[in-house]
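Everything below belongs to entry_32.cif, which stores mmCIF, C-alpha atoms.
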data_model
loop_
_atom_site.label_atom_id
_atom_site.label_comp_id
_atom_site.auth_asym_id
_atom_site.auth_seq_id
_atom_site.Cartn_x
_atom_site.Cartn_y
_atom_site.Cartn_z
CA MET F 28 142.94 174.80 100.39
CA SER F 29 145.81 172.34 100.51
CA ALA F 30 148.20 172.03 97.61
CA PRO F 31 147.41 169.12 95.24
CA GLY F 32 148.58 165.81 96.66
CA THR F 33 149.49 167.25 100.06
CA GLY F 34 146.21 167.84 101.87
CA ALA F 35 143.66 165.60 103.51
CA SER F 36 141.38 165.62 100.48
CA GLY F 37 143.01 162.47 99.01
CA PRO F 38 146.22 160.92 97.71
CA ALA F 39 148.34 162.57 95.08
CA PRO F 40 147.48 161.64 91.49
CA ARG F 41 149.55 158.80 90.07
CA ARG F 42 152.35 159.77 87.75
CA ARG F 43 153.71 157.89 84.76
CA GLY F 44 157.28 156.67 84.62
CA ARG F 45 159.40 155.73 87.59
CA PRO F 46 157.24 155.21 90.67
CA ALA F 47 157.70 157.24 93.82
CA ARG F 48 159.74 155.74 96.64
CA THR F 49 156.63 154.55 98.49
CA GLU F 50 155.23 152.96 95.32
CA SER F 51 158.47 151.22 94.43
CA ALA F 52 158.50 149.64 97.88
CA ALA F 53 154.84 148.55 97.51
CA GLY F 54 155.05 146.02 100.29
CA PRO F 55 157.14 142.89 100.68
CA GLY F 56 157.10 140.58 97.69
CA ALA F 57 155.77 143.11 95.17
CA ARG F 58 158.19 141.90 92.49
CA GLU F 59 157.22 138.28 93.08
CA ARG F 60 153.53 139.16 92.95
CA ILE F 61 154.06 140.87 89.60
CA LEU F 62 155.85 137.82 88.18
CA ALA F 63 153.12 135.47 89.42
CA ALA F 64 150.46 137.75 87.93
CA ALA F 65 152.40 137.91 84.65
CA ARG F 66 152.50 134.11 84.33
CA THR F 67 148.75 133.95 84.93
CA GLU F 68 148.02 136.79 82.53
CA PHE F 69 150.11 135.28 79.74
CA ALA F 70 148.53 131.85 80.35
CA GLU F 71 144.94 133.05 80.33
CA ARG F 72 145.10 135.77 77.69
CA GLY F 73 148.11 134.87 75.57
CA TYR F 74 151.00 137.19 74.78
CA ASP F 75 149.00 139.34 72.35
CA LYS F 76 146.17 140.20 74.72
CA ALA F 77 148.18 140.34 77.93
CA SER F 78 148.98 143.87 79.06
CA ILE F 79 151.10 145.67 81.61
CA ARG F 80 147.92 147.20 83.01
CA GLY F 81 146.28 143.79 83.41
CA ILE F 82 149.38 142.36 85.09
CA ALA F 83 149.53 145.32 87.46
CA ARG F 84 145.84 145.02 88.32
CA ALA F 85 146.22 141.29 89.10
CA ALA F 86 149.28 141.99 91.25
CA GLY F 87 147.60 144.88 93.09
CA VAL F 88 150.20 147.47 92.06
CA ASP F 89 150.41 150.52 89.85
CA PRO F 90 151.42 149.85 86.21
CA ALA F 91 154.37 152.21 86.74
CA LEU F 92 155.77 149.72 89.24
CA VAL F 93 155.73 146.96 86.62
CA HIS F 94 157.65 149.23 84.23
CA HIS F 95 160.02 150.16 87.05
CA TYR F 96 160.95 146.55 87.79
CA PHE F 97 160.84 145.03 84.31
CA GLY F 98 160.44 147.61 81.53
CA THR F 99 158.43 146.51 78.49
CA LYS F 100 155.93 143.66 78.14
CA GLU F 101 158.59 141.66 76.30
CA GLN F 102 160.94 142.11 79.24
CA VAL F 103 158.20 141.09 81.70
CA PHE F 104 157.69 137.94 79.64
CA GLY F 105 161.43 137.24 79.69
CA ALA F 106 161.52 137.59 83.47
CA ALA F 107 158.52 135.29 83.81
CA ILE F 108 160.33 132.70 81.67
CA GLU F 109 163.43 132.89 83.86
CA VAL F 110 161.42 132.24 87.02
CA THR F 111 159.41 129.50 85.33
CA PHE F 112 162.47 127.63 84.07
CA GLU F 113 164.56 128.16 87.19
CA PRO F 114 164.38 124.47 88.24
CA ALA F 115 165.69 123.42 84.82
CA LEU F 116 168.77 125.63 85.19
CA HIS F 117 170.28 122.99 87.49
CA LEU F 118 170.72 120.56 84.58
CA PRO F 119 174.52 121.02 84.42
CA ASP F 120 174.63 119.50 87.92
CA LEU F 121 173.33 116.27 86.40
CA LEU F 122 176.06 116.33 83.75
CA ALA F 123 178.75 116.78 86.38
CA HIS F 124 178.29 113.15 87.46
CA GLY F 125 179.77 111.83 84.21
CA ALA F 126 178.50 110.23 81.03
CA ASP F 127 177.33 106.93 82.49
CA GLY F 128 173.57 107.02 82.88
CA ILE F 129 173.26 110.66 81.82
CA GLY F 130 170.35 109.83 79.48
CA GLU F 131 168.27 108.39 82.29
CA ARG F 132 169.15 111.17 84.75
CA PHE F 133 168.36 113.81 82.14
CA ALA F 134 164.97 112.29 81.29
CA ARG F 135 163.98 111.62 84.90
CA TYR F 136 164.86 115.14 86.02
CA PHE F 137 163.02 116.77 83.12
CA LEU F 138 159.86 114.71 83.61
CA GLY F 139 160.05 115.34 87.35
CA ILE F 140 159.71 119.08 86.73
CA TRP F 141 156.68 118.55 84.49
CA GLU F 142 155.05 115.99 86.80
CA ASN F 143 155.06 118.53 89.65
CA PRO F 144 151.81 120.57 89.36
CA ALA F 145 153.50 123.61 90.93
CA THR F 146 156.07 123.83 88.12
CA ARG F 147 153.97 122.33 85.31
CA ALA F 148 151.29 125.06 85.22
CA PRO F 149 153.65 128.01 84.61
CA LEU F 150 155.65 125.98 82.06
CA ILE F 151 152.50 125.29 80.06
CA ALA F 152 151.56 128.98 80.28
CA VAL F 153 154.89 130.13 78.89
CA ILE F 154 154.92 127.58 76.07
CA ARG F 155 151.36 128.40 75.02
CA SER F 156 152.25 132.09 74.80
CA ALA F 157 155.31 131.25 72.69
CA MET F 158 153.17 129.14 70.35
CA THR F 159 150.81 132.00 69.55
CA HIS F 160 153.12 135.01 69.23
CA GLU F 161 156.48 135.37 67.49
CA THR F 162 157.83 137.90 69.99
CA ALA F 163 157.14 135.51 72.84
CA ALA F 164 158.67 132.64 70.85
CA LYS F 165 161.79 134.73 70.19
CA VAL F 166 162.19 135.49 73.89
CA LEU F 167 161.74 131.83 74.79
CA ARG F 168 164.21 130.65 72.13
CA GLY F 169 166.81 133.13 73.28
CA PHE F 170 166.41 132.10 76.89
CA VAL F 171 166.54 128.36 76.19
CA LEU F 172 169.62 128.73 73.99
CA ARG F 173 171.46 131.18 76.24
CA ARG F 174 170.61 129.95 79.73
CA MET F 175 170.04 126.24 79.26
CA LEU F 176 171.43 124.58 76.15
CA GLU F 177 174.72 126.49 76.08
CA ARG F 178 175.33 125.55 79.73
CA VAL F 179 174.54 121.92 79.03
CA ALA F 180 176.72 121.85 75.90
CA ALA F 181 179.67 123.29 77.85
CA GLU F 182 179.71 120.14 79.99
CA LEU F 183 179.64 117.63 77.11
CA ALA F 184 182.96 116.12 76.07
CA VAL F 185 181.67 115.01 72.66
CA PRO F 186 181.79 116.34 69.08
CA GLU F 187 179.21 119.02 68.24
CA PRO F 188 178.03 119.45 71.84
CA ARG F 189 175.56 122.25 71.14
CA LEU F 190 173.80 120.29 68.37
CA ARG F 191 173.60 117.27 70.66
CA ALA F 192 172.15 119.37 73.49
CA GLU F 193 169.55 120.78 71.09
CA LEU F 194 168.63 117.30 69.86
CA ALA F 195 168.18 116.09 73.43
CA ALA F 196 166.08 119.15 74.26
CA SER F 197 163.92 118.64 71.15
CA GLN F 198 163.20 115.08 72.25
CA LEU F 199 162.10 116.16 75.73
CA VAL F 200 160.20 119.26 74.64
CA GLY F 201 158.32 117.15 72.10
CA ILE F 202 157.31 114.76 74.87
CA ALA F 203 156.22 117.67 77.06
CA MET F 204 154.10 119.15 74.28
CA LEU F 205 152.30 115.90 73.49
CA ARG F 206 151.93 114.69 77.09
CA TYR F 207 151.16 117.86 79.06
CA VAL F 208 150.02 120.55 76.60
CA ILE F 209 148.15 118.70 73.81
CA GLN F 210 147.55 115.59 76.00
CA VAL F 211 147.78 112.97 73.27
CA GLU F 212 146.97 109.43 74.40
CA PRO F 213 148.43 107.02 75.32
CA LEU F 214 151.45 109.22 76.06
CA ALA F 215 149.41 111.58 78.25
CA SER F 216 148.54 108.84 80.74
CA ALA F 217 151.68 106.70 80.44
CA ASP F 218 153.69 105.94 83.56
CA PRO F 219 156.65 108.38 83.83
CA ASP F 220 159.01 105.48 84.58
CA ASP F 221 158.00 103.80 81.31
CA ILE F 222 158.69 107.02 79.40
CA VAL F 223 162.11 107.37 81.04
CA ARG F 224 162.96 103.76 80.20
CA MET F 225 162.10 104.22 76.52
CA VAL F 226 163.64 107.66 76.04
CA ALA F 227 166.83 107.30 78.09
CA PRO F 228 168.81 105.30 75.48
CA THR F 229 168.16 107.96 72.82
CA LEU F 230 169.25 110.74 75.15
CA GLN F 231 172.31 108.71 76.16
CA ARG F 232 173.30 108.47 72.49
CA TYR F 233 172.82 112.20 71.93
CA LEU F 234 174.72 113.30 75.02
CA ALA F 235 177.47 110.75 75.52
CA GLU F 236 178.29 108.62 72.49
CA ALA F 237 181.07 109.84 70.19
#
Can the structure in the file be given as structure tokens, please?
Amino acid sequence: MSAPGTGASGPAPRRRGRPARTESAAGPGARERILAAARTEFAERGYDKASIRGIARAAGVDPALVHHYFGTKEQVFGAAIEVTFEPALHLPDLLAHGADGIGERFARYFLGIWENPATRAPLIAVIRSAMTHETAAKVLRGFVLRRMLERVAAELAVPEPRLRAELAASQLVGIAMLRYVIQVEPLASADPDDIVRMVAPTLQRYLAEA
């Protein structure tokens, strides 16, 4: 009789903890599949009911591989947020063009991310999870403050730059919530150009006026 896990009778039993070398290399794109599965799991089940096991099952990997790449569920959620908000991390590039017209550029870029179905769906998923669970909200707040608003504020040559960046973000996040998540009319069906035209002066005041 062959030793356990070495004979032809079947594969070795799965072990907890760090996955074996063959598991950790579970095919090209395993990490990306896990992140995609995590976004879907958090969107459909919410942070509370989402689980490492469910994410692993959706990604077609062993749960140990999820722990190996990301650690805890909170850390998986944080990684999913980073991937989801990656397009928004280019905001400082918009600020590099100077203060003139920054309000319009800021609004147009932000709405462009939300108008794209490919980026809108995961954004809604992350925000819904943050609305229903404090741990998820804490992770999202920390990411937005650390990775987005602090980078934007560093480019603003105005008094109280961080407060101004937060005010601008609150304006845009409020629009996103009402338009894309809650879908309040007439905002939900308004033309994006009309929204930009109305919001841009307020953002210009927040970001550029002394």
Expected selection from the PyMOL selection byres ((chain F and resi 184-196) around 10), given as a PyMOL selection string: chain F and resi 125-126+130+133-134+137+171-172+175-183+197-202+226+229-237
Evaluate the PyMOL selection byres ((chain F and resi 207-213) around 9) and report residues as a PyMOL selection string: chain F and resi 141-142+147+151+154-155+202-206+214-217
Pull out every residue that the PyMOL selection byres ((chain F and resi 160) around 12) matches in the shown coordinates and put them as a compact mmCIF listing (two decimals) with C-alpha atoms, keeping the file's coordinate frame.
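File written: out.txt
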# COMPACT_ATOMS: atom_id res chain seq x y z
CA PHE F 69 150.11 135.28 79.74
CA ARG F 72 145.10 135.77 77.69
CA GLY F 73 148.11 134.87 75.57
CA TYR F 74 151.00 137.19 74.78
CA ASP F 75 149.00 139.34 72.35
CA LYS F 76 146.17 140.20 74.72
CA ALA F 77 148.18 140.34 77.93
CA GLU F 101 158.59 141.66 76.30
CA PHE F 104 157.69 137.94 79.64
CA VAL F 153 154.89 130.13 78.89
CA ILE F 154 154.92 127.58 76.07
CA ARG F 155 151.36 128.40 75.02
CA SER F 156 152.25 132.09 74.80
CA ALA F 157 155.31 131.25 72.69
CA MET F 158 153.17 129.14 70.35
CA THR F 159 150.81 132.00 69.55
CA GLU F 161 156.48 135.37 67.49
CA THR F 162 157.83 137.90 69.99
CA ALA F 163 157.14 135.51 72.84
CA ALA F 164 158.67 132.64 70.85
CA LYS F 165 161.79 134.73 70.19
CA VAL F 166 162.19 135.49 73.89
CA LEU F 167 161.74 131.83 74.79
Skip Ser78 in chain F itself and residues of its chain fewer than 2 positions away, then list as an mmCIF file with C-alpha atoms, keeping the file's coordinate frame all residues within 8 Å of it, counting all atoms listed in the file.
data_model
loop_
_atom_site.group_PDB
_atom_site.id
_atom_site.type_symbol
_atom_site.label_atom_id
_atom_site.label_comp_id
_atom_site.auth_asym_id
_atom_site.auth_seq_id
_atom_site.Cartn_x
_atom_site.Cartn_y
_atom_site.Cartn_z
ATOM 1 C CA GLU F 68 148.020 136.790 82.530
ATOM 2 C CA LYS F 76 146.170 140.200 74.720
ATOM 3 C CA ARG F 80 147.920 147.200 83.010
ATOM 4 C CA GLY F 81 146.280 143.790 83.410
ATOM 5 C CA ILE F 82 149.380 142.360 85.090
ATOM 6 C CA LYS F 100 155.930 143.660 78.140
#
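In this model, the gap between CA of Gly105 in chain F and CA of Phe170 in chain F comes to 7.7 Å.
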Separation of CA of His94 in chain F from CA of Leu62 in chain F, in Å and rounded to one decimal: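 Going from CA of His94 in chain F over to CA of Leu62 in chain F, I get 12.2 Å.
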Point-to-point distance from CA of Val103 in chain F to CA of Asp89 in chain F, Å rounded to tenths: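 That distance, rounded to one decimal, is 14.7 Å.
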Among listed residues F:Ile79, F:Glu131, F:Leu150, F:Phe112, nearest Phe97 in chain F (using only C-alpha atoms):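 Checking each candidate against Phe97 in chain F, we get F:Ile79 as the closest.
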Minimum-distance residue to Arg84 in chain F, chosen among F:Ala65, F:Ala123, F:Thr99, F:Arg173 (using only C-alpha atoms): F:Ala65
Of the listed residues F:Arg168, F:Arg66, F:Leu138, F:Ala152, that which approaches Val223 in chain F most closely, counting all atoms listed in the file: F:Leu138
Minimum-distance residue to Tyr96 in chain F, chosen among F:Ala57, F:Ala63, F:Ile222, F:Ile108 (using all atoms listed in the file):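 Of all the options, F:Ala57 lies closest to Tyr96 in chain F.
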Since fewer atoms than expected are present, regenerate all heavy atoms for range 68-79 of chain F and write them as a PDB file, in the frame of the given file.
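That gives us part37.pdb:
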ATOM      1  N   GLU F  68     148.554 135.964  83.610  1.00  0.00           N
ATOM      2  CA  GLU F  68     148.020 136.790  82.530  1.00  0.00           C
ATOM      3  C   GLU F  68     148.406 136.234  81.166  1.00  0.00           C
ATOM      4  O   GLU F  68     147.573 136.128  80.262  1.00  0.00           O
ATOM      5  CB  GLU F  68     148.551 138.222  82.691  1.00  0.00           C
ATOM      6  CG  GLU F  68     147.995 139.225  81.698  1.00  0.00           C
ATOM      7  CD  GLU F  68     146.624 139.757  82.063  1.00  0.00           C
ATOM      8  OE1 GLU F  68     146.071 139.323  83.092  1.00  0.00           O
ATOM      9  OE2 GLU F  68     146.103 140.597  81.314  1.00  0.00           O
ATOM     10  N   PHE F  69     149.668 135.842  81.005  1.00  0.00           N
ATOM     11  CA  PHE F  69     150.110 135.280  79.740  1.00  0.00           C
ATOM     12  C   PHE F  69     149.419 133.940  79.463  1.00  0.00           C
ATOM     13  O   PHE F  69     149.119 133.621  78.313  1.00  0.00           O
ATOM     14  CB  PHE F  69     151.627 135.101  79.711  1.00  0.00           C
ATOM     15  CG  PHE F  69     152.384 136.397  79.620  1.00  0.00           C
ATOM     16  CD1 PHE F  69     153.345 136.730  80.564  1.00  0.00           C
ATOM     17  CD2 PHE F  69     152.140 137.294  78.597  1.00  0.00           C
ATOM     18  CE1 PHE F  69     154.051 137.926  80.480  1.00  0.00           C
ATOM     19  CE2 PHE F  69     152.834 138.496  78.507  1.00  0.00           C
ATOM     20  CZ  PHE F  69     153.790 138.808  79.454  1.00  0.00           C
ATOM     21  N   ALA F  70     149.173 133.146  80.520  1.00  0.00           N
ATOM     22  CA  ALA F  70     148.530 131.850  80.350  1.00  0.00           C
ATOM     23  C   ALA F  70     147.084 132.000  79.929  1.00  0.00           C
ATOM     24  O   ALA F  70     146.605 131.288  79.043  1.00  0.00           O
ATOM     25  CB  ALA F  70     148.611 131.048  81.647  1.00  0.00           C
ATOM     26  N   GLU F  71     146.376 132.934  80.558  1.00  0.00           N
ATOM     27  CA  GLU F  71     144.940 133.050  80.330  1.00  0.00           C
ATOM     28  C   GLU F  71     144.599 133.873  79.085  1.00  0.00           C
ATOM     29  O   GLU F  71     143.593 133.624  78.423  1.00  0.00           O
ATOM     30  CB  GLU F  71     144.270 133.670  81.552  1.00  0.00           C
ATOM     31  CG  GLU F  71     144.332 132.772  82.792  1.00  0.00           C
ATOM     32  CD  GLU F  71     143.671 133.403  83.992  1.00  0.00           C
ATOM     33  OE1 GLU F  71     143.303 134.611  83.906  1.00  0.00           O
ATOM     34  OE2 GLU F  71     143.511 132.714  85.017  1.00  0.00           O
ATOM     35  N   ARG F  72     145.437 134.850  78.769  1.00  0.00           N
ATOM     36  CA  ARG F  72     145.100 135.770  77.690  1.00  0.00           C
ATOM     37  C   ARG F  72     146.016 135.641  76.474  1.00  0.00           C
ATOM     38  O   ARG F  72     145.698 136.167  75.403  1.00  0.00           O
ATOM     39  CB  ARG F  72     145.128 137.212  78.209  1.00  0.00           C
ATOM     40  CG  ARG F  72     144.113 137.469  79.308  1.00  0.00           C
ATOM     41  CD  ARG F  72     144.205 138.902  79.835  1.00  0.00           C
ATOM     42  NE  ARG F  72     143.958 139.875  78.790  1.00  0.00           N
ATOM     43  CZ  ARG F  72     142.751 140.229  78.351  1.00  0.00           C
ATOM     44  NH1 ARG F  72     141.670 139.671  78.892  1.00  0.00           N
ATOM     45  NH2 ARG F  72     142.593 141.127  77.408  1.00  0.00           N
ATOM     46  N   GLY F  73     147.148 134.941  76.645  1.00  0.00           N
ATOM     47  CA  GLY F  73     148.110 134.870  75.570  1.00  0.00           C
ATOM     48  C   GLY F  73     148.959 136.131  75.521  1.00  0.00           C
ATOM     49  O   GLY F  73     148.617 137.158  76.100  1.00  0.00           O
ATOM     50  N   TYR F  74     150.083 136.049  74.805  1.00  0.00           N
ATOM     51  CA  TYR F  74     151.000 137.190  74.780  1.00  0.00           C
ATOM     52  C   TYR F  74     150.356 138.417  74.152  1.00  0.00           C
ATOM     53  O   TYR F  74     150.522 139.539  74.627  1.00  0.00           O
ATOM     54  CB  TYR F  74     152.271 136.813  74.006  1.00  0.00           C
ATOM     55  CG  TYR F  74     153.334 137.883  74.052  1.00  0.00           C
ATOM     56  CD1 TYR F  74     154.279 137.909  75.075  1.00  0.00           C
ATOM     57  CD2 TYR F  74     153.392 138.870  73.078  1.00  0.00           C
ATOM     58  CE1 TYR F  74     155.248 138.899  75.124  1.00  0.00           C
ATOM     59  CE2 TYR F  74     154.353 139.862  73.112  1.00  0.00           C
ATOM     60  CZ  TYR F  74     155.277 139.868  74.141  1.00  0.00           C
ATOM     61  OH  TYR F  74     156.227 140.858  74.192  1.00  0.00           O
ATOM     62  N   ASP F  75     149.614 138.218  73.064  1.00  0.00           N
ATOM     63  CA  ASP F  75     149.000 139.340  72.350  1.00  0.00           C
ATOM     64  C   ASP F  75     148.085 140.175  73.235  1.00  0.00           C
ATOM     65  O   ASP F  75     148.163 141.397  73.251  1.00  0.00           O
ATOM     66  CB  ASP F  75     148.205 138.816  71.148  1.00  0.00           C
ATOM     67  CG  ASP F  75     148.936 139.056  69.839  1.00  0.00           C
ATOM     68  OD1 ASP F  75     149.853 139.890  69.828  1.00  0.00           O
ATOM     69  OD2 ASP F  75     148.602 138.405  68.838  1.00  0.00           O
ATOM     70  N   LYS F  76     147.197 139.490  73.959  1.00  0.00           N
ATOM     71  CA  LYS F  76     146.170 140.200  74.720  1.00  0.00           C
ATOM     72  C   LYS F  76     146.609 140.554  76.135  1.00  0.00           C
ATOM     73  O   LYS F  76     145.949 141.368  76.800  1.00  0.00           O
ATOM     74  CB  LYS F  76     144.897 139.363  74.763  1.00  0.00           C
ATOM     75  CG  LYS F  76     144.249 139.186  73.398  1.00  0.00           C
ATOM     76  CD  LYS F  76     142.959 138.403  73.485  1.00  0.00           C
ATOM     77  CE  LYS F  76     142.311 138.257  72.121  1.00  0.00           C
ATOM     78  NZ  LYS F  76     141.051 137.474  72.169  1.00  0.00           N
ATOM     79  N   ALA F  77     147.670 139.962  76.607  1.00  0.00           N
ATOM     80  CA  ALA F  77     148.180 140.340  77.930  1.00  0.00           C
ATOM     81  C   ALA F  77     148.680 141.776  77.897  1.00  0.00           C
ATOM     82  O   ALA F  77     149.158 142.257  76.869  1.00  0.00           O
ATOM     83  CB  ALA F  77     149.312 139.393  78.343  1.00  0.00           C
ATOM     84  N   SER F  78     148.571 142.466  79.020  1.00  0.00           N
ATOM     85  CA  SER F  78     148.980 143.870  79.060  1.00  0.00           C
ATOM     86  C   SER F  78     149.639 144.188  80.398  1.00  0.00           C
ATOM     87  O   SER F  78     149.406 143.504  81.405  1.00  0.00           O
ATOM     88  CB  SER F  78     147.768 144.785  78.874  1.00  0.00           C
ATOM     89  OG  SER F  78     146.891 144.679  79.982  1.00  0.00           O
ATOM     90  N   ILE F  79     150.477 145.204  80.371  1.00  0.00           N
ATOM     91  CA  ILE F  79     151.100 145.670  81.610  1.00  0.00           C
ATOM     92  C   ILE F  79     150.029 146.085  82.611  1.00  0.00           C
ATOM     93  O   ILE F  79     150.113 145.789  83.808  1.00  0.00           O
ATOM     94  CB  ILE F  79     152.046 146.859  81.322  1.00  0.00           C
ATOM     95  CG1 ILE F  79     153.233 146.409  80.461  1.00  0.00           C
ATOM     96  CG2 ILE F  79     152.534 147.487  82.627  1.00  0.00           C
ATOM     97  CD1 ILE F  79     154.191 145.484  81.141  1.00  0.00           C
TER      98      ILE F  79
END
